[in-house]
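Structure data (TSV, C-alpha atoms) from final04.tsv:
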```tsv
chain	number	residue	atom	x	y	z
Z	285	GLY	CA	67.18	69.71	106.70
Z	286	GLN	CA	66.75	72.81	104.61
Z	287	GLN	CA	69.90	74.80	103.99
Z	288	VAL	CA	70.51	78.34	102.82
Z	289	MET	CA	74.04	78.89	101.58
Z	290	GLN	CA	75.83	82.09	100.72
Z	291	ILE	CA	79.04	82.84	98.88
Z	292	PRO	CA	81.47	84.34	99.28
Z	293	GLN	CA	81.91	84.36	103.03
Z	294	TYR	CA	84.06	87.49	102.88
Z	295	GLN	CA	84.58	90.17	100.26
Z	296	HIS	CA	87.08	93.00	100.43
Z	297	VAL	CA	86.66	95.75	97.84
Z	298	GLN	CA	88.07	99.14	97.08
Z	299	GLU	CA	85.55	101.94	97.39
Z	300	GLY	CA	83.87	102.41	94.03
Z	301	GLU	CA	84.13	98.76	93.02
Z	302	ASP	CA	81.09	96.57	92.56
Z	303	PHE	CA	80.11	93.75	94.91
Z	304	THR	CA	77.91	90.68	94.48
Z	305	THR	CA	76.80	88.03	96.95
Z	306	TYR	CA	74.99	84.85	96.01
Z	307	CYS	CA	72.45	82.82	97.91
Z	308	ASN	CA	71.28	79.25	97.24
Z	309	SER	CA	68.54	77.30	98.94
Z	310	SER	CA	68.25	73.52	99.03
Z	311	THR	CA	64.48	73.90	98.57
Z	312	THR	CA	62.22	76.03	96.39
Z	313	LEU	CA	61.17	79.15	98.24
Z	314	SER	CA	57.95	81.14	98.23
Z	315	ASN	CA	60.01	84.24	98.95
Z	316	ILE	CA	63.52	85.27	99.82
Z	317	GLN	CA	64.52	88.12	102.08
Z	318	TRP	CA	67.72	90.10	102.45
Z	319	TYR	CA	69.04	91.68	105.59
Z	320	LYS	CA	72.03	93.86	106.40
Z	321	GLN	CA	73.85	93.79	109.70
Z	322	ARG	CA	76.31	96.55	110.44
Z	323	PRO	CA	79.28	95.72	112.69
Z	324	GLY	CA	78.02	95.56	116.28
Z	325	GLY	CA	74.43	95.94	115.12
Z	326	HIS	CA	71.42	93.80	114.42
Z	327	PRO	CA	69.96	92.56	111.12
Z	328	VAL	CA	67.88	95.13	109.27
Z	329	PHE	CA	65.35	94.06	106.65
Z	330	LEU	CA	66.24	95.25	103.17
Z	331	ILE	CA	63.82	93.62	100.78
Z	332	GLN	CA	61.63	90.65	99.97
Z	333	LEU	CA	61.44	88.95	96.57
Z	334	VAL	CA	58.44	86.79	95.73
Z	335	LYS	CA	58.13	86.19	92.00
Z	336	SER	CA	60.24	83.90	89.86
Z	337	GLY	CA	62.86	85.95	88.01
Z	338	GLU	CA	62.00	89.07	89.99
Z	339	VAL	CA	64.47	91.95	89.99
Z	340	LYS	CA	64.22	94.85	92.40
Z	341	LYS	CA	66.42	97.90	92.81
Z	342	GLN	CA	67.10	100.13	95.75
Z	343	LYS	CA	69.42	102.93	94.63
Z	344	ARG	CA	72.77	101.16	94.09
Z	345	LEU	CA	71.48	97.76	95.25
Z	346	THR	CA	69.99	95.25	92.81
Z	347	PHE	CA	68.29	92.10	94.05
Z	348	GLN	CA	67.39	89.12	91.88
Z	349	PHE	CA	65.34	86.00	92.53
Z	350	GLY	CA	66.13	83.04	90.32
Z	351	GLU	CA	63.71	81.49	87.85
Z	352	ALA	CA	63.55	78.29	89.89
Z	353	LYS	CA	63.08	80.29	93.11
Z	354	LYS	CA	66.04	78.53	94.72
Z	355	ASN	CA	68.71	81.17	94.33
Z	356	SER	CA	69.12	84.88	94.66
Z	357	SER	CA	71.75	87.56	94.39
Z	358	LEU	CA	72.49	91.01	95.71
Z	359	HIS	CA	74.63	93.34	93.64
Z	360	ILE	CA	75.95	96.67	94.86
Z	361	THR	CA	77.22	99.12	92.28
Z	362	ALA	CA	80.06	101.49	93.17
Z	363	THR	CA	80.40	100.50	96.81
Z	364	GLN	CA	80.73	103.13	99.50
Z	365	THR	CA	82.10	102.86	103.03
Z	366	THR	CA	78.53	102.98	104.30
Z	367	ASP	CA	77.91	99.62	102.61
Z	368	VAL	CA	80.17	97.88	105.13
Z	369	GLY	CA	78.46	95.06	106.99
Z	370	THR	CA	77.26	91.50	106.64
Z	371	TYR	CA	74.53	90.72	104.14
Z	372	PHE	CA	72.24	87.79	104.91
Z	373	CYS	CA	69.67	86.09	102.77
Z	374	ALA	CA	66.85	84.18	104.44
Z	375	GLY	CA	64.05	81.93	103.28
Z	376	PRO	CA	61.03	80.33	104.94
Z	377	GLU	CA	61.67	76.92	106.44
Z	378	GLY	CA	59.97	74.25	104.40
Z	379	GLY	CA	59.91	76.63	101.46
Z	380	SER	CA	56.61	78.33	102.09
Z	381	GLN	CA	55.18	79.07	105.50
Z	382	GLY	CA	57.94	78.26	107.89
Z	383	ASN	CA	60.15	80.34	110.05
Z	384	LEU	CA	63.01	82.21	108.44
Z	385	ILE	CA	66.21	80.25	107.89
Z	386	PHE	CA	69.25	82.49	107.45
Z	387	GLY	CA	72.40	81.91	105.48
Z	388	LYS	CA	75.77	82.49	107.13
Z	389	GLY	CA	76.12	85.83	105.41
Z	390	THR	CA	78.69	87.63	103.30
Z	391	LYS	CA	80.85	90.08	105.17
Z	392	LEU	CA	81.70	93.11	103.06
Z	393	SER	CA	84.57	95.41	103.87
Z	394	VAL	CA	85.23	98.53	101.82
Z	395	LYS	CA	88.61	100.21	101.68
Z	396	PRO	CA	88.42	103.98	101.18
Y	1	GLU	CA	55.44	103.36	115.90
Y	2	THR	CA	57.94	101.82	118.30
Y	3	GLY	CA	60.42	99.20	117.18
Y	4	VAL	CA	61.47	96.00	118.89
Y	5	THR	CA	63.09	96.50	122.28
Y	6	GLN	CA	65.12	93.91	124.13
Y	7	SER	CA	66.44	93.83	127.65
Y	8	PRO	CA	68.97	93.61	129.05
Y	9	THR	CA	71.53	94.65	126.42
Y	10	HIS	CA	74.38	92.77	128.05
Y	11	LEU	CA	74.50	90.00	130.60
Y	12	ILE	CA	77.19	87.91	132.23
Y	13	LYS	CA	76.19	84.63	133.83
Y	14	THR	CA	77.97	81.68	135.36
Y	15	ARG	CA	77.75	78.20	133.90
Y	16	GLY	CA	74.77	76.33	135.35
Y	17	GLN	CA	72.74	79.46	136.07
Y	18	GLN	CA	69.44	80.40	134.50
Y	19	VAL	CA	68.66	83.52	132.46
Y	20	THR	CA	65.56	85.31	131.21
Y	21	LEU	CA	65.68	87.66	128.24
Y	22	ARG	CA	62.82	89.97	127.36
Y	23	CYS	CA	61.44	91.38	124.15
Y	24	SER	CA	58.72	93.88	123.33
Y	25	SER	CA	57.46	93.46	119.80
Y	26	GLN	CA	56.82	96.26	117.33
Y	27	SER	CA	53.38	97.79	117.56
Y	28	GLY	CA	50.92	95.81	115.45
Y	29	HIS	CA	53.09	92.71	115.22
Y	30	ASN	CA	51.65	89.49	116.63
Y	31	THR	CA	54.55	87.10	116.04
Y	32	VAL	CA	57.86	86.93	117.85
Y	33	SER	CA	60.83	84.82	116.83
Y	34	TRP	CA	64.01	84.28	118.78
Y	35	TYR	CA	67.39	83.73	117.21
Y	36	GLN	CA	70.84	82.93	118.54
Y	37	GLN	CA	73.76	84.46	116.70
Y	38	ALA	CA	77.25	83.27	117.52
Y	39	LEU	CA	80.16	85.49	116.54
Y	40	GLY	CA	80.68	85.49	112.80
Y	41	GLN	CA	77.65	83.31	112.11
Y	42	GLY	CA	74.16	83.83	110.78
Y	43	PRO	CA	71.19	83.92	113.14
Y	44	GLN	CA	70.05	80.44	114.19
Y	45	PHE	CA	66.32	79.97	114.72
Y	46	ILE	CA	65.37	79.02	118.29
Y	47	PHE	CA	61.56	79.24	118.26
Y	48	GLN	CA	58.65	81.38	117.25
Y	49	TYR	CA	55.51	82.42	119.10
Y	50	TYR	CA	52.26	83.38	117.46
Y	51	ARG	CA	49.33	84.52	119.59
Y	52	GLU	CA	50.89	83.06	122.73
Y	53	GLU	CA	51.47	79.60	121.21
Y	54	GLU	CA	54.80	78.11	120.12
Y	55	ASN	CA	54.69	78.03	116.34
Y	56	GLY	CA	57.87	76.25	115.42
Y	57	ARG	CA	61.14	75.34	117.03
Y	58	GLY	CA	64.68	75.03	115.79
Y	59	ASN	CA	67.32	72.53	116.84
Y	60	PHE	CA	67.73	73.72	120.41
Y	61	PRO	CA	67.42	71.61	123.59
Y	62	PRO	CA	64.43	71.86	125.94
Y	63	ARG	CA	66.38	74.01	128.37
Y	64	PHE	CA	65.61	76.80	125.92
Y	65	SER	CA	62.01	77.79	126.54
Y	66	GLY	CA	59.83	80.78	125.94
Y	67	LEU	CA	56.60	82.60	126.50
Y	68	GLN	CA	54.51	85.12	124.67
Y	69	PHE	CA	52.13	87.37	126.55
Y	70	PRO	CA	48.74	88.79	125.49
Y	71	ASN	CA	50.40	92.07	124.51
Y	72	TYR	CA	52.69	90.00	122.21
Y	73	SER	CA	55.82	90.68	124.25
Y	74	SER	CA	57.95	87.63	124.84
Y	75	GLU	CA	60.54	86.00	127.07
Y	76	LEU	CA	63.33	83.57	126.33
Y	77	ASN	CA	64.47	81.43	129.24
Y	78	VAL	CA	67.61	79.37	129.24
Y	79	ASN	CA	68.29	76.92	132.07
Y	80	ALA	CA	71.56	75.25	133.06
Y	81	LEU	CA	73.67	77.67	131.04
Y	82	GLU	CA	76.64	76.28	129.16
Y	83	LEU	CA	79.69	78.11	127.87
Y	84	ASP	CA	78.50	77.57	124.28
Y	85	ASP	CA	75.35	79.56	125.05
Y	86	SER	CA	77.45	82.71	124.88
Y	87	ALA	CA	76.04	84.60	121.91
Y	88	LEU	CA	73.89	87.49	120.76
Y	89	TYR	CA	70.22	86.67	121.27
Y	90	LEU	CA	67.97	88.41	118.82
Y	91	CYS	CA	64.26	88.89	119.02
Y	92	ALA	CA	62.36	89.60	115.82
Y	93	SER	CA	58.75	90.55	115.46
Y	94	SER	CA	56.55	90.28	112.42
Y	95	LEU	CA	52.95	90.35	111.33
Y	96	GLY	CA	52.17	86.68	110.92
Y	97	TRP	CA	54.75	84.17	109.76
Y	98	ALA	CA	57.92	84.72	107.82
Y	99	GLY	CA	56.45	86.22	104.71
Y	100	TYR	CA	56.55	89.92	105.47
Y	101	GLY	CA	60.02	90.70	106.77
Y	102	TYR	CA	61.23	90.66	110.33
Y	103	THR	CA	61.98	93.65	112.52
Y	104	PHE	CA	64.86	92.79	114.81
Y	105	GLY	CA	65.69	94.20	118.19
Y	106	SER	CA	69.21	95.24	119.09
Y	107	GLY	CA	69.77	91.97	120.88
Y	108	THR	CA	71.06	90.79	124.23
Y	109	ARG	CA	74.73	89.89	124.40
Y	110	LEU	CA	74.99	86.93	126.79
Y	111	THR	CA	78.35	85.84	128.10
Y	112	VAL	CA	78.58	82.61	130.10
Y	113	VAL	CA	81.71	82.20	132.20
```

How does the structure come out when it is put into structure tokens?
Amino acid sequence: GQQVMQIPQYQHVQEGEDFTTYCNSSTTLSNIQWYKQRPGGHPVFLIQLVKSGEVKKQKRLTFQFGEAKKNSSLHITATQTTDVGTYFCAGPEGGSQGNLIFGKGTKLSVKP
Amino acid sequence: ETGVTQSPTHLIKTRGQQVTLRCSSQSGHNTVSWYQQALGQGPQFIFQYYREEENGRGNFPPRFSGLQFPNYSSELNVNALELDDSALYLCASSLGWAGYGYTFGSGTRLTVV
């Protein structure tokens, strides 16, 4: 079946350092979505990428969708303690109009 | 605009019992998806309901069942609970299928003892 994989599983950074998480799908996706889950919380929608090669920015967060629409990345510049949490990517099952399939997430911890 | 609300927030059940979890979708959303999230894992898709019909199902046994009501609220029922069913159960609502971003509720933490 379709798989969405994320690396790394864990990332520990010093506050102010940059952070990147990578997401790979076994199938071509019509869109990819990113969610953040704070410790003890629930996933919160961050962004959706649709176009091949698309890059979107939200303040210190930069999201990219690969040219082949099978991979994506999230980069955080100058991490802050408020960035702590698990970041999930998710893509539609079957690549286009299916239910969202989530990766296992990258857990980010930030040392002040 | 109200978000997604789930009840109860926490629940403890005994193995073999049955449980019903409830979800009220965000105003304007007609699709509800249920996910199971074990500790340290990503959400696993259980099933989705669109306009009161099941619109897809993940790799979960038939003892996991659901309903969606005309007001788009939903229930998740689990029969014959097993210890491995202990998890956070998340409800997510959306407008249509997966293409527009999900709004998740805070979840129900189910513990089976």

Chain Z near chain Y within 9 Å: what's each residue's closest atom pair and its distance in Å to one decimal, counting all atoms listed in the file, ordered by chain then ascending residue number, as a Markdown table?
```
| residue | atom | partner | partner_atom | distance |
| --- | --- | --- | --- | --- |
| Z:Ser314 | CA | Y:Gly99 | CA | 8.4 |
| Z:Asn315 | CA | Y:Gly99 | CA | 7.1 |
| Z:Ile316 | CA | Y:Gly99 | CA | 8.6 |
| Z:Gln317 | CA | Y:Gly101 | CA | 7.0 |
| Z:Trp318 | CA | Y:Gly101 | CA | 8.8 |
| Z:Gly325 | CA | Y:Ser106 | CA | 6.6 |
| Z:His326 | CA | Y:Ser106 | CA | 5.4 |
| Z:Pro327 | CA | Y:Phe104 | CA | 6.3 |
| Z:Val328 | CA | Y:Phe104 | CA | 6.7 |
| Z:Phe329 | CA | Y:Gly101 | CA | 6.3 |
| Z:Leu330 | CA | Y:Gly101 | CA | 8.5 |
| Z:Ile331 | CA | Y:Gly101 | CA | 7.7 |
| Z:Gln332 | CA | Y:Gly101 | CA | 7.0 |
| Z:Phe372 | CA | Y:Gly42 | CA | 7.3 |
| Z:Gly375 | CA | Y:Ala98 | CA | 8.1 |
| Z:Pro376 | CA | Y:Ala98 | CA | 6.1 |
| Z:Glu377 | CA | Y:Ala98 | CA | 8.8 |
| Z:Ser380 | CA | Y:Gly99 | CA | 8.3 |
| Z:Gln381 | CA | Y:Trp97 | CA | 6.7 |
| Z:Gly382 | CA | Y:Ala98 | CA | 6.5 |
| Z:Asn383 | CA | Y:Ala98 | CA | 5.4 |
| Z:Leu384 | CA | Y:Ala98 | CA | 5.7 |
| Z:Ile385 | CA | Y:Phe45 | CA | 6.8 |
| Z:Phe386 | CA | Y:Gly42 | CA | 6.1 |
| Z:Gly387 | CA | Y:Gly42 | CA | 5.9 |
| Z:Lys388 | CA | Y:Gly42 | CA | 4.2 |
| Z:Gly389 | CA | Y:Gly42 | CA | 6.1 |
| Z:Lys391 | CA | Y:Gly40 | CA | 8.9 |
```

How would the residues just chosen look if you wrote them out with C-alpha atoms as a PDB file, in the coordinates of the input?
```
ATOM      1  CA  SER Z 314      57.950  81.140  98.230  1.00  0.00           C
ATOM      2  CA  ASN Z 315      60.010  84.240  98.950  1.00  0.00           C
ATOM      3  CA  ILE Z 316      63.520  85.270  99.820  1.00  0.00           C
ATOM      4  CA  GLN Z 317      64.520  88.120 102.080  1.00  0.00           C
ATOM      5  CA  TRP Z 318      67.720  90.100 102.450  1.00  0.00           C
ATOM      6  CA  GLY Z 325      74.430  95.940 115.120  1.00  0.00           C
ATOM      7  CA  HIS Z 326      71.420  93.800 114.420  1.00  0.00           C
ATOM      8  CA  PRO Z 327      69.960  92.560 111.120  1.00  0.00           C
ATOM      9  CA  VAL Z 328      67.880  95.130 109.270  1.00  0.00           C
ATOM     10  CA  PHE Z 329      65.350  94.060 106.650  1.00  0.00           C
ATOM     11  CA  LEU Z 330      66.240  95.250 103.170  1.00  0.00           C
ATOM     12  CA  ILE Z 331      63.820  93.620 100.780  1.00  0.00           C
ATOM     13  CA  GLN Z 332      61.630  90.650  99.970  1.00  0.00           C
ATOM     14  CA  PHE Z 372      72.240  87.790 104.910  1.00  0.00           C
ATOM     15  CA  GLY Z 375      64.050  81.930 103.280  1.00  0.00           C
ATOM     16  CA  PRO Z 376      61.030  80.330 104.940  1.00  0.00           C
ATOM     17  CA  GLU Z 377      61.670  76.920 106.440  1.00  0.00           C
ATOM     18  CA  SER Z 380      56.610  78.330 102.090  1.00  0.00           C
ATOM     19  CA  GLN Z 381      55.180  79.070 105.500  1.00  0.00           C
ATOM     20  CA  GLY Z 382      57.940  78.260 107.890  1.00  0.00           C
ATOM     21  CA  ASN Z 383      60.150  80.340 110.050  1.00  0.00           C
ATOM     22  CA  LEU Z 384      63.010  82.210 108.440  1.00  0.00           C
ATOM     23  CA  ILE Z 385      66.210  80.250 107.890  1.00  0.00           C
ATOM     24  CA  PHE Z 386      69.250  82.490 107.450  1.00  0.00           C
ATOM     25  CA  GLY Z 387      72.400  81.910 105.480  1.00  0.00           C
ATOM     26  CA  LYS Z 388      75.770  82.490 107.130  1.00  0.00           C
ATOM     27  CA  GLY Z 389      76.120  85.830 105.410  1.00  0.00           C
ATOM     28  CA  LYS Z 391      80.850  90.080 105.170  1.00  0.00           C
TER      29      LYS Z 391
END
```

Excluding Y:Arg63 and residues on its chain fewer than 5 positions from it, collect all residues at most 8 Å away from it, counting all atoms listed in the file, and give them as JSON, numbers by chain. {"Y": [77, 78, 79, 80]}

Near Z:His296, within 10 Å and counting all atoms listed in the file, which residues show up once chain neighbours fewer than 4 positions away are dropped, as a count of residues only? 8

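The space separating atom CA of Z:Thr312 from atom CA of Z:Val339 comes to 17.3 Å.
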
Residue neighbourhood Y:Ser27, 8 Å, all atoms listed in the file, exclusion window fewer than 2 positions, as a ChimeraX atom specification: /Y:1-3,25,29

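The space separating atom CA of Z:Gln295 from atom CA of Z:Lys343 comes to 20.6 Å.
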
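Going from atom CA of Y:Thr14 over to atom CA of Y:Asn59, you cover 23.2 Å.
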
Using all atoms listed in the file, list the residues that have an atom at most 6 Å from (61.7, 82.7, 89.3), coordinates as in the file, as a VMD selection string. chain Z and resid 335 to 337 349 to 353

Select, counting all atoms listed in the file, all protein, DNA and RNA residues no farther than 12 Å from (73.0, 81.7, 126.7) in file coordinates, and express the selection as a PyMOL selection string. chain Y and resi 10-21+35-38+46+60-61+63-65+76-90+108-113
